[in-house]
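Data from protein-v2.txt: compact mmCIF, C-alpha atoms
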```
# COMPACT_ATOMS: atom_id res chain seq x y z
CA MET A 82 -27.44 -27.24 19.11
CA GLY A 83 -28.96 -30.03 21.11
CA PRO A 84 -30.10 -29.19 24.62
CA GLY A 85 -27.60 -31.57 26.14
CA ASN A 86 -24.69 -29.80 24.53
CA LYS A 87 -25.19 -26.34 25.93
CA PRO A 88 -22.35 -24.93 27.96
CA GLY A 89 -23.19 -25.22 31.61
CA ARG A 90 -24.39 -28.78 31.21
CA ASN A 91 -22.69 -32.11 30.98
CA LEU A 92 -21.17 -32.94 27.67
CA ASP A 93 -20.36 -36.39 26.40
CA LYS A 94 -16.84 -36.67 25.15
CA PRO A 95 -16.62 -38.91 22.06
CA ASP A 96 -14.54 -41.48 23.89
CA GLY A 97 -17.24 -41.93 26.52
CA HIS A 98 -15.86 -39.69 29.27
CA ARG A 99 -18.05 -36.95 30.60
CA LEU A 100 -16.84 -33.38 30.91
CA LEU A 101 -18.31 -30.79 33.19
CA PHE A 102 -18.82 -27.32 31.77
CA SER A 103 -20.49 -25.44 34.55
CA ASP A 104 -18.96 -22.08 35.41
CA ARG A 105 -18.11 -23.33 38.87
CA ALA A 106 -16.40 -26.45 37.59
CA PHE A 107 -14.50 -24.33 35.08
CA SER A 108 -13.25 -21.58 37.30
CA TYR A 109 -10.49 -19.43 35.90
CA LYS A 110 -7.86 -21.16 37.99
CA ARG A 111 -9.10 -24.58 36.98
CA ARG A 112 -9.13 -23.64 33.28
CA LYS A 113 -5.53 -22.47 33.54
CA GLU A 114 -4.51 -25.74 35.17
CA VAL A 115 -6.33 -27.79 32.55
CA LYS A 116 -4.88 -25.75 29.70
CA LYS A 117 -1.37 -26.13 31.09
CA HIS A 118 -1.89 -29.86 31.42
CA ILE A 119 -3.27 -30.18 27.90
CA VAL A 120 -0.53 -28.09 26.33
CA THR A 121 2.10 -30.17 28.09
CA ALA A 122 0.53 -33.47 27.17
CA PHE A 123 -0.66 -32.44 23.73
CA ASN A 124 1.80 -34.35 21.65
CA SER A 125 -0.73 -36.00 19.40
CA PHE A 126 -3.65 -34.28 17.75
CA ASP A 127 -6.81 -36.27 18.34
CA LEU A 128 -10.55 -35.67 18.21
CA PRO A 129 -11.27 -35.95 21.96
CA THR A 130 -8.66 -33.31 22.81
CA CYS A 131 -9.91 -31.10 19.99
CA THR A 132 -13.46 -31.48 21.34
CA TYR A 133 -12.33 -30.71 24.85
CA LEU A 134 -10.51 -27.54 23.81
CA THR A 135 -13.39 -26.41 21.61
CA ALA A 136 -15.98 -26.82 24.36
CA GLN A 137 -13.69 -25.14 26.86
CA TYR A 138 -13.09 -22.15 24.58
CA LEU A 139 -16.79 -21.73 23.73
CA CYS A 140 -17.62 -21.90 27.40
CA ALA A 141 -14.99 -19.31 28.35
CA GLN A 142 -16.28 -16.92 25.70
CA GLN A 143 -19.92 -17.72 26.56
CA TRP A 144 -20.67 -18.52 22.94
CA GLU A 145 -23.71 -20.75 22.62
CA LEU A 146 -24.64 -20.60 18.96
CA ALA A 147 -22.53 -23.56 17.95
CA ASP A 148 -22.67 -27.18 18.93
CA PRO A 149 -19.21 -27.89 20.43
CA LEU A 150 -19.18 -31.46 19.12
CA ALA A 151 -20.05 -30.50 15.56
CA LEU A 152 -17.64 -27.56 15.58
CA ALA A 153 -14.83 -29.69 16.99
CA ALA A 154 -15.43 -32.31 14.31
CA GLU A 155 -15.18 -29.62 11.60
CA ILE A 156 -11.99 -28.26 13.11
CA TYR A 157 -10.48 -31.68 13.53
CA GLN A 158 -11.13 -32.41 9.88
CA ALA A 159 -9.64 -29.07 8.81
CA LEU A 160 -6.47 -29.51 10.87
CA ALA A 161 -6.02 -33.26 10.58
CA GLY A 162 -3.49 -32.99 7.74
CA GLN A 163 -1.18 -30.72 9.70
CA THR A 164 1.53 -31.78 12.11
CA LEU A 165 0.48 -29.97 15.25
CA ALA A 166 1.57 -30.29 18.85
CA GLY A 167 1.77 -28.33 22.07
CA GLU A 168 0.99 -24.64 22.26
CA ALA A 169 0.89 -24.29 18.47
CA ALA A 170 -1.84 -26.91 18.25
CA VAL A 171 -3.92 -25.23 20.93
CA GLU A 172 -3.55 -21.89 19.19
CA ALA A 173 -4.45 -23.36 15.80
CA ILE A 174 -7.62 -24.82 17.32
CA HIS A 175 -8.50 -21.51 18.98
CA THR A 176 -8.06 -19.69 15.68
CA GLN A 177 -10.32 -22.18 13.93
CA ILE A 178 -12.94 -21.77 16.65
CA TRP A 179 -13.20 -17.98 16.62
CA GLN A 180 -13.10 -17.73 12.86
CA ARG A 181 -15.73 -20.41 12.32
CA TYR A 182 -17.83 -18.98 15.12
CA ALA A 183 -17.56 -15.53 13.54
CA GLU A 184 -19.15 -16.95 10.38
CA ARG A 185 -22.04 -18.39 12.38
CA LEU A 186 -22.50 -15.20 14.33
CA HIS A 187 -22.42 -13.10 11.18
CA HIS A 188 -25.11 -15.31 9.66
CA ALA A 189 -27.29 -15.17 12.79
CA CYS A 190 -26.91 -11.39 13.10
CA ARG A 191 -28.33 -10.98 9.61
CA GLN A 192 -31.46 -13.08 10.16
CA PRO A 193 -33.95 -10.99 12.18
CA GLY A 194 -36.71 -12.95 13.83
CA PRO A 195 -35.51 -16.20 15.29
CA ALA A 196 -34.26 -16.44 18.85
CA GLU A 197 -30.76 -16.94 17.47
CA TYR A 198 -30.80 -13.35 16.21
CA GLU A 199 -31.33 -11.97 19.70
CA ARG A 200 -28.78 -14.30 21.12
CA ALA A 201 -26.24 -13.41 18.42
CA TRP A 202 -26.45 -9.68 19.15
CA GLN A 203 -26.34 -10.37 22.84
CA GLU A 204 -23.13 -12.34 22.37
CA MET A 205 -21.61 -9.66 20.17
CA GLY A 206 -22.48 -7.06 22.80
CA HIS A 207 -20.89 -9.21 25.49
CA PHE A 208 -17.78 -9.74 23.35
CA LEU A 209 -17.34 -6.01 22.77
CA TRP A 210 -17.99 -5.23 26.40
CA GLN A 211 -15.30 -7.73 27.40
CA GLN A 212 -12.79 -5.99 25.13
CA SER A 213 -13.73 -2.44 26.06
CA PRO A 214 -11.38 -2.16 29.09
CA GLN A 215 -8.47 -2.38 26.66
CA LEU A 216 -9.54 0.83 24.96
CA ALA A 217 -8.24 4.16 26.12
CA CYS A 218 -11.60 5.43 27.30
CA PRO A 219 -12.94 6.14 30.80
CA ALA A 220 -14.94 3.35 32.42
CA GLY A 221 -18.04 5.55 32.51
CA GLU A 222 -18.07 5.89 28.74
CA ARG A 223 -17.50 2.28 27.82
CA GLU A 224 -21.16 1.41 27.67
CA ASP A 225 -21.84 4.25 25.22
CA VAL A 226 -18.91 3.18 23.08
CA VAL A 227 -20.12 -0.43 22.98
CA GLN A 228 -23.68 0.66 22.15
CA ASP A 229 -22.43 2.93 19.37
CA ALA A 230 -20.31 0.13 17.96
CA LEU A 231 -23.26 -2.28 18.05
CA ALA A 232 -25.49 0.26 16.31
CA HIS A 233 -22.82 0.75 13.64
CA LEU A 234 -22.55 -3.00 13.12
CA GLN A 235 -26.33 -3.40 12.89
CA ASN A 236 -26.59 -0.66 10.31
CA HIS A 237 -23.74 -2.08 8.32
CA LEU A 238 -25.10 -5.62 8.32
CA ARG A 239 -28.56 -4.41 7.41
CA GLN A 240 -27.14 -2.98 4.20
CA ASN A 241 -24.26 -5.32 3.38
CA SER A 242 -22.89 -8.64 4.44
CA LEU A 243 -19.17 -9.00 5.01
CA LYS A 244 -17.30 -10.46 2.06
CA ALA A 245 -15.40 -12.71 4.46
CA PRO A 246 -17.64 -13.47 7.48
CA ARG A 247 -14.70 -15.05 9.32
CA THR A 248 -13.46 -11.50 9.90
CA PHE A 249 -16.64 -10.48 11.74
CA PHE A 250 -15.01 -10.27 15.17
CA VAL A 251 -12.04 -8.21 13.97
CA PHE A 252 -14.42 -6.01 11.98
CA ALA A 253 -16.39 -5.48 15.20
CA LEU A 254 -13.21 -4.64 17.11
CA GLN A 255 -12.36 -2.05 14.47
CA ALA A 256 -15.82 -0.49 14.88
CA LEU A 257 -15.36 -0.48 18.65
CA ARG A 258 -11.99 1.23 18.37
CA ASN A 259 -13.31 3.87 15.95
CA LYS A 260 -16.23 4.64 18.26
CA ALA A 261 -13.88 4.97 21.23
CA ILE A 262 -11.81 7.48 19.26
CA ASP A 263 -14.95 9.41 18.29
CA GLN A 264 -15.98 9.48 21.95
CA GLU A 265 -12.55 10.70 22.96
CA ARG A 266 -12.78 13.51 20.42
CA LYS A 267 -16.20 14.54 21.65
CA ARG A 268 -14.92 14.69 25.19
CA THR A 269 -11.86 16.68 24.22
CA ALA A 270 -13.98 19.10 22.17
CA VAL A 271 -16.31 19.69 25.12
CA PHE A 272 -13.34 20.13 27.43
CA ARG A 273 -11.95 22.78 25.13
CA GLY A 274 -15.32 24.51 25.06
CA GLY A 275 -16.21 23.97 21.43
CA GLY A 276 -16.55 21.40 18.69
CA GLN A 277 -20.29 20.71 18.66
CA ASN A 278 -19.92 18.54 15.59
CA PRO A 279 -16.48 17.00 15.74
CA LEU A 280 -15.35 15.10 12.72
CA SER A 281 -15.59 11.33 12.86
CA TRP A 282 -12.38 9.32 13.06
CA GLU A 283 -12.70 8.33 9.40
CA ALA A 284 -13.08 11.98 8.36
CA ILE A 285 -10.01 12.98 10.36
CA LYS A 286 -7.91 10.29 8.75
CA GLU A 287 -8.98 11.43 5.29
CA ALA A 288 -8.27 15.03 6.17
CA ALA A 289 -4.81 14.12 7.46
CA VAL A 290 -3.96 12.25 4.30
CA ALA A 291 -5.30 15.06 2.09
CA GLU A 292 -3.18 17.54 4.01
CA ARG A 293 -0.14 15.37 3.56
CA ALA A 294 -0.73 15.35 -0.18
CA THR A 295 -0.43 19.12 -0.39
CA VAL A 296 2.99 19.27 1.21
CA THR A 297 5.62 20.07 -1.35
CA SER A 298 8.62 17.90 -1.10
CA VAL A 299 11.62 16.77 -2.98
CA THR A 300 10.73 14.88 -6.10
CA ALA A 301 10.84 11.17 -5.46
CA ARG A 302 13.95 9.59 -6.71
CA GLY A 303 13.30 7.49 -9.74
CA PHE A 304 14.94 4.31 -8.71
CA GLY A 305 13.52 2.39 -11.59
CA GLU A 306 13.20 -1.30 -11.51
CA ARG A 307 16.42 -2.97 -10.75
CA ARG A 308 16.64 -6.68 -10.83
CA VAL A 309 18.85 -8.67 -8.57
CA GLU A 310 19.04 -11.83 -10.58
CA LYS A 311 21.56 -14.31 -9.25
CA ALA A 312 22.61 -15.28 -5.78
CA VAL A 313 26.17 -16.21 -6.71
CA SER A 314 28.48 -13.59 -5.27
CA ASP A 315 26.16 -12.37 -2.56
CA ARG A 316 28.37 -12.93 0.47
CA GLU A 317 30.24 -9.69 0.11
CA VAL A 318 27.07 -7.69 -0.55
CA ARG A 319 25.45 -9.31 2.43
CA ALA A 320 28.34 -8.33 4.71
CA LYS A 321 28.23 -4.74 3.47
CA LEU A 322 24.47 -4.56 3.96
CA LYS A 323 24.80 -5.95 7.46
CA ALA A 324 27.39 -3.29 8.27
CA PHE A 325 25.06 -0.65 6.79
CA PHE A 326 22.18 -1.87 8.98
CA GLN A 327 24.44 -1.85 12.04
CA GLN A 328 25.30 1.74 11.33
CA HIS A 329 21.76 2.99 10.73
CA LEU A 330 19.28 0.88 12.68
CA GLY A 331 18.42 1.85 16.21
CA SER A 332 18.12 -1.35 18.19
CA GLU A 333 19.34 -4.92 18.41
CA GLN A 334 15.83 -6.11 17.66
CA GLN A 335 15.62 -4.06 14.46
CA LEU A 336 19.03 -5.31 13.44
CA LEU A 337 18.06 -8.93 14.00
CA VAL A 338 14.77 -8.61 12.12
CA ALA A 339 16.48 -6.75 9.26
CA GLU A 340 19.07 -9.49 8.98
CA LEU A 341 16.56 -12.34 9.13
CA TYR A 342 14.09 -10.71 6.74
CA PHE A 343 16.23 -8.81 4.25
CA LEU A 344 19.41 -10.88 4.30
CA ASP A 345 18.28 -14.41 5.16
CA GLY A 346 14.92 -14.22 3.38
CA LEU A 347 12.81 -15.54 6.24
CA GLU A 348 9.11 -14.72 6.36
CA LEU A 349 7.66 -12.62 9.18
CA LYS A 350 5.83 -15.64 10.56
CA GLU A 351 9.07 -17.62 10.72
CA ILE A 352 10.90 -14.77 12.42
CA ALA A 353 8.07 -14.46 14.94
CA GLY A 354 8.39 -18.17 15.68
CA LEU A 355 12.15 -17.86 16.19
CA MET A 356 11.83 -14.84 18.45
CA GLY A 357 8.81 -16.10 20.37
CA LYS A 358 6.67 -13.16 19.29
CA ARG A 359 3.46 -12.59 17.36
CA PRO A 360 3.76 -11.99 13.59
CA TYR A 361 2.17 -8.55 13.97
CA GLU A 362 4.90 -7.51 16.41
CA ILE A 363 7.55 -8.46 13.87
CA ARG A 364 5.64 -6.62 11.12
CA LEU A 365 5.76 -3.48 13.25
CA VAL A 366 9.53 -3.80 13.71
CA LYS A 367 9.98 -4.41 10.00
CA ALA A 368 7.81 -1.41 9.09
CA ARG A 369 9.92 0.78 11.36
CA ILE A 370 13.09 -0.51 9.73
CA VAL A 371 11.69 0.37 6.31
CA GLN A 372 10.60 3.79 7.52
CA THR A 373 14.04 4.41 9.02
CA LEU A 374 15.81 3.42 5.82
CA ARG A 375 13.41 5.46 3.69
CA SER A 376 14.05 8.51 5.79
CA LEU A 377 17.83 8.43 5.36
CA THR A 378 19.50 11.32 3.60
CA ALA A 379 19.69 11.21 -0.18
CA GLU A 380 23.40 10.35 0.00
CA GLU A 381 22.87 7.49 2.44
CA GLN A 382 19.99 6.14 0.38
CA GLN A 383 22.13 6.28 -2.70
CA MET A 384 24.83 4.34 -0.88
CA LEU A 385 22.29 1.72 0.15
CA LEU A 386 20.93 1.44 -3.37
CA GLU A 387 24.41 0.98 -4.74
CA LEU A 388 24.97 -1.84 -2.27
CA LEU A 389 21.70 -3.44 -3.27
CA GLY A 390 22.65 -3.21 -6.92
CA GLU A 391 26.23 -4.43 -6.53
CA ASP A 392 25.72 -8.03 -7.48
CA GLU A 393 23.70 -6.91 -10.49
CA ILE A 394 26.65 -4.90 -11.70
CA GLY A 395 28.93 -7.83 -10.94
CA ASN A 396 26.78 -10.17 -13.01
CA ARG A 397 26.60 -8.03 -16.09
CA MET B 231 14.60 -24.22 -6.24
CA ARG B 232 16.60 -21.77 -4.26
CA HIS B 233 18.74 -20.48 -7.15
CA ASN B 234 15.62 -19.38 -9.05
CA LEU B 235 14.47 -17.15 -6.22
CA PRO B 236 15.41 -13.49 -6.10
CA LEU B 237 17.90 -12.47 -3.45
CA PRO B 238 16.24 -11.61 -0.13
CA TRP B 239 17.41 -7.99 -0.24
CA LYS B 240 15.45 -7.49 -3.43
CA ARG B 241 12.61 -6.92 -0.97
CA LEU B 242 14.38 -3.92 0.46
CA GLU B 243 15.04 -2.48 -2.95
CA ILE B 244 11.31 -2.65 -3.68
CA GLU B 245 10.44 -1.04 -0.35
CA LEU B 246 12.83 1.83 -1.02
CA ALA B 247 11.34 2.41 -4.44
CA LEU B 248 7.80 2.81 -3.10
CA PRO B 249 6.25 6.25 -3.41
CA PRO B 250 6.84 8.66 -0.53
CA LEU B 251 4.19 9.10 2.13
CA TYR B 252 2.88 12.39 0.80
CA ARG B 253 1.99 10.73 -2.47
CA LEU B 254 -0.47 8.35 -0.83
CA SER B 255 -4.08 9.25 -1.43
CA ALA B 256 -6.92 9.20 1.08
CA ALA B 257 -8.51 6.47 -0.98
CA GLU B 258 -5.44 4.24 -0.52
CA CYS B 259 -5.57 4.64 3.26
CA ARG B 260 -9.32 4.01 3.30
CA HIS B 261 -8.85 0.92 1.18
CA CYS B 262 -6.08 -0.32 3.50
CA GLN B 263 -8.15 0.22 6.62
CA GLU B 264 -11.15 -1.53 5.12
CA ALA B 265 -8.87 -4.45 4.33
CA LEU B 266 -7.39 -4.65 7.84
CA PRO B 267 -9.99 -7.01 9.41
CA LEU B 268 -9.36 -9.57 6.68
CA PHE B 269 -5.60 -9.01 6.74
CA ILE B 270 -5.40 -9.43 10.51
CA SER B 271 -7.82 -12.37 10.68
CA ASP B 272 -5.83 -14.24 8.05
CA GLU B 273 -2.49 -13.30 9.57
CA LEU B 274 -3.65 -14.70 12.92
CA ALA B 275 -4.68 -17.84 11.05
CA GLY B 276 -1.11 -18.19 9.80
CA LEU B 277 -1.83 -17.44 6.14
CA ALA B 278 0.81 -15.82 3.93
CA VAL B 279 -0.80 -12.38 4.00
CA ASP B 280 2.21 -10.65 2.45
CA GLU B 281 1.52 -12.58 -0.72
CA LEU B 282 -2.27 -12.77 -0.49
CA TYR B 283 -2.79 -9.07 0.23
CA ARG B 284 0.39 -7.55 -1.11
CA GLU B 285 -1.11 -4.09 -1.55
CA THR B 286 -2.10 -3.86 2.11
CA ALA B 287 1.22 -5.28 3.34
CA VAL B 288 3.17 -2.74 1.28
CA HIS B 289 0.94 0.13 2.34
CA LEU B 290 1.52 -0.70 6.01
CA ASP B 291 5.27 -0.40 5.48
CA ILE B 292 5.05 3.17 4.30
CA CYS B 293 2.03 4.63 6.06
CA PRO B 294 2.46 5.24 9.81
CA PHE B 295 -1.25 6.14 10.18
CA CYS B 296 -2.44 2.78 8.89
CA LEU B 297 0.38 0.98 10.70
CA ALA B 298 -0.82 2.44 14.00
CA GLU B 299 -4.34 1.24 13.23
CA TYR B 300 -2.99 -2.20 12.34
CA GLU B 301 -0.96 -2.34 15.56
CA GLU B 302 -3.87 -1.43 17.79
CA LEU B 303 -6.30 -3.76 16.06
CA SER B 304 -3.85 -6.67 16.12
CA ARG B 305 -3.22 -6.08 19.80
CA LEU B 306 -6.96 -6.03 20.55
CA ALA B 307 -7.60 -9.16 18.51
CA THR B 308 -4.71 -11.07 20.06
CA ALA B 309 -5.92 -10.21 23.54
CA ALA B 310 -9.51 -11.10 22.67
CA PHE B 311 -8.80 -14.50 21.16
CA TYR B 312 -5.63 -15.76 22.81
CA SER B 313 -5.57 -14.41 26.32
CA SER B 314 -5.09 -16.83 29.21
CA LYS B 315 -8.80 -16.77 30.13
CA GLN B 316 -9.35 -19.27 27.32
```

Take the structure from the file and write it as structure tokens.
Amino acid sequence: MGPGNKPGRNLDKPDGHRLLFSDRAFSYKRRKEVKKHIVTAFNSFDLPTCTYLTAQYLCAQQWELADPLALAAEIYQALAGQTLAGEAAVEAIHTQIWQRYAERLHHACRQPGPAEYERAWQEMGHFLWQQSPQLACPAGEREDVVQDALAHLQNHLRQNSLKAPRTFFVFALQALRNKAIDQERKRTAVFRGGGQNPLSWEAIKEAAVAERATVTSVTARGFGERRVEKAVSDREVRAKLKAFFQQHLGSEQQLLVAELYFLDGLELKEIAGLMGKRPYEIRLVKARIVQTLRSLTAEEQQMLLELLGEDEIGNR
Amino acid sequence: MRHNLPLPWKRLEIELALPPLYRLSAAECRHCQEALPLFISDELAGLAVDELYRETAVHLDICPFCLAEYEELSRLATAAFYSSKQ
């Protein structure tokens, strides 16, 4: 990164304008105003806007290991073929930034020696610290949790690199969460007056799954592999399935997602777009629908399976 | 071509035929949780994760433990990368 491109200094925009990136110039309120303006006016995807958003995002995150101009150029090239506008365009750029930056950070964190190494770990520490208030752990313990997570990451990276470095930030968040849970368990064990060596979160999860495996239960029904081959006389089946969902699903939201996913064949991402939600939120709803339907009584499940197989019978 | 695709509710039939929760092994959960950073990163990037990482997607539908982990991690990641401070 050239000295003139560091956040906190002036940055030349490719079209000749100069942008200020000092913390004072980019106060929180100002950033919100600028973002709102950009999102509103962002009807065409061009390099100057991409550069502006990239530099703004890097500055907000205090990430200094990438040259904003070079990174923006990479992102612009990657997204140029897509039709992007408005909020979706801004989000696509943000995703490109944090994933590409994660790759750089991962690389720097694995190269002891140069100043970049120190800086990389400092930035990772800052990132985790920024996220720590979202964890369910007391403020006084956050520093320990972050330090434990950093130590875990350092050990891991010393031995192995990540197969997909773009996941480095989410990997770090997972480590942070696991350490917060470990900390919580330690505290609870002390509170209860015991548990000098509480199990780690990973060990607990394994123990829980192993315990589950020992529970005797009804033999799984062998449903076999049925094939629903032709979408010719599906209207009637669809109506019956919809009525079945209405009878067994708990909320309007579940009903809507079930209809869009299982009857209309939309993908989770598309449903999320329609409902103005994140794909992960829709995945959670869908998983709960599946869990509800899987926990129906044997008779109800049989009824559902017969409905699902109706068109197959009709087409024989 | 639409008429060559299976009916959408074929998906549900598959989900119902998955093994019950108690049949899942610790190794399957560990594998799923190791895969979550990649799954979530790519899902946030708009990739078709249900096709790319089918095993993980299916596991999340039947395992409430891993689903809770997925939920929390997705929530953290969304807040970290897309909050209004950017």

Out of A:Leu146, A:Leu349, A:Ala230, A:Ala261, which residue has the shortest atom-to-atom distance to chain B when counting only C-alpha atoms?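 With only C-alpha atoms as the atom set, the closest residue is A:Leu349.
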
Might you pull out every residue within 12 Å of Leu337 in chain A, with only C-alpha atoms counted and same-chain residues fewer than 2 positions away left off, and present them as a PDB file with C-alpha atoms, keeping the file's coordinate frame?
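That gives us around.pdb:
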```
ATOM      1  CA  LYS A 323      24.800  -5.950   7.460  1.00  0.00           C
ATOM      2  CA  PHE A 326      22.180  -1.870   8.980  1.00  0.00           C
ATOM      3  CA  GLN A 327      24.440  -1.850  12.040  1.00  0.00           C
ATOM      4  CA  LEU A 330      19.280   0.880  12.680  1.00  0.00           C
ATOM      5  CA  GLY A 331      18.420   1.850  16.210  1.00  0.00           C
ATOM      6  CA  SER A 332      18.120  -1.350  18.190  1.00  0.00           C
ATOM      7  CA  GLU A 333      19.340  -4.920  18.410  1.00  0.00           C
ATOM      8  CA  GLN A 334      15.830  -6.110  17.660  1.00  0.00           C
ATOM      9  CA  GLN A 335      15.620  -4.060  14.460  1.00  0.00           C
ATOM     10  CA  ALA A 339      16.480  -6.750   9.260  1.00  0.00           C
ATOM     11  CA  GLU A 340      19.070  -9.490   8.980  1.00  0.00           C
ATOM     12  CA  LEU A 341      16.560 -12.340   9.130  1.00  0.00           C
ATOM     13  CA  TYR A 342      14.090 -10.710   6.740  1.00  0.00           C
ATOM     14  CA  PHE A 343      16.230  -8.810   4.250  1.00  0.00           C
ATOM     15  CA  LEU A 344      19.410 -10.880   4.300  1.00  0.00           C
ATOM     16  CA  ASP A 345      18.280 -14.410   5.160  1.00  0.00           C
ATOM     17  CA  LEU A 347      12.810 -15.540   6.240  1.00  0.00           C
ATOM     18  CA  ILE A 352      10.900 -14.770  12.420  1.00  0.00           C
ATOM     19  CA  ALA A 353       8.070 -14.460  14.940  1.00  0.00           C
ATOM     20  CA  LEU A 355      12.150 -17.860  16.190  1.00  0.00           C
ATOM     21  CA  MET A 356      11.830 -14.840  18.450  1.00  0.00           C
ATOM     22  CA  ILE A 363       7.550  -8.460  13.870  1.00  0.00           C
ATOM     23  CA  VAL A 366       9.530  -3.800  13.710  1.00  0.00           C
ATOM     24  CA  LYS A 367       9.980  -4.410  10.000  1.00  0.00           C
ATOM     25  CA  ILE A 370      13.090  -0.510   9.730  1.00  0.00           C
TER      26      ILE A 370
END
```

Of the residues A:Thr132, A:Thr248, A:Gln372, A:Gln382, which is the one nearest to His289 in chain B, using only C-alpha atoms? A:Gln372

Could you tell me which of A:Ile174, A:Leu374, A:Leu257, A:Ala136 comes closest to Gln158 in chain A if we count only C-alpha atoms?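 Counting only C-alpha atoms, the residue closest to Gln158 in chain A is A:Ile174.
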
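Note that the spacing between CA of Leu186 in chain A and CA of Ala201 in chain A amounts to 5.8 Å.
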
Can you tell me how far CA of Leu297 in chain B sits from CA of Ser313 in chain B, in Å to one decimal? 22.7 Å

Best match for closeness to Leu251 in chain B among B:Leu266, B:Ile292, B:Leu237, B:Leu303, counting only C-alpha atoms: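 Result for the nearest residue to Leu251 in chain B: B:Ile292.
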
In Å to one decimal, how far is CA of Arg284 in chain B from CA of Arg241 in chain B?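 Computed distance, CA of Arg241 in chain B to CA of Arg284 in chain B, equals 12.2 Å.
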
At a cut-off of 7 Å, list the chain B residues touching chain A, using all atoms listed in the file, as a compact mmCIF listing (two decimals) with C-alpha atoms, in the coordinates of the input.
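Saved file iface_15.txt follows:
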```txt
# COMPACT_ATOMS: atom_id res chain seq x y z
CA HIS B 233 18.74 -20.48 -7.15
CA PRO B 236 15.41 -13.49 -6.10
CA LEU B 237 17.90 -12.47 -3.45
CA PRO B 238 16.24 -11.61 -0.13
CA TRP B 239 17.41 -7.99 -0.24
CA LYS B 240 15.45 -7.49 -3.43
CA ARG B 241 12.61 -6.92 -0.97
CA LEU B 242 14.38 -3.92 0.46
CA GLU B 243 15.04 -2.48 -2.95
CA GLU B 245 10.44 -1.04 -0.35
CA LEU B 246 12.83 1.83 -1.02
CA ALA B 247 11.34 2.41 -4.44
CA PRO B 250 6.84 8.66 -0.53
CA TYR B 252 2.88 12.39 0.80
CA ARG B 253 1.99 10.73 -2.47
CA SER B 255 -4.08 9.25 -1.43
CA ALA B 256 -6.92 9.20 1.08
CA PRO B 267 -9.99 -7.01 9.41
CA LEU B 268 -9.36 -9.57 6.68
CA SER B 271 -7.82 -12.37 10.68
CA ALA B 275 -4.68 -17.84 11.05
CA ASP B 291 5.27 -0.40 5.48
CA ILE B 292 5.05 3.17 4.30
CA LEU B 303 -6.30 -3.76 16.06
CA SER B 304 -3.85 -6.67 16.12
CA ALA B 307 -7.60 -9.16 18.51
CA ALA B 310 -9.51 -11.10 22.67
CA LYS B 315 -8.80 -16.77 30.13
CA GLN B 316 -9.35 -19.27 27.32
```
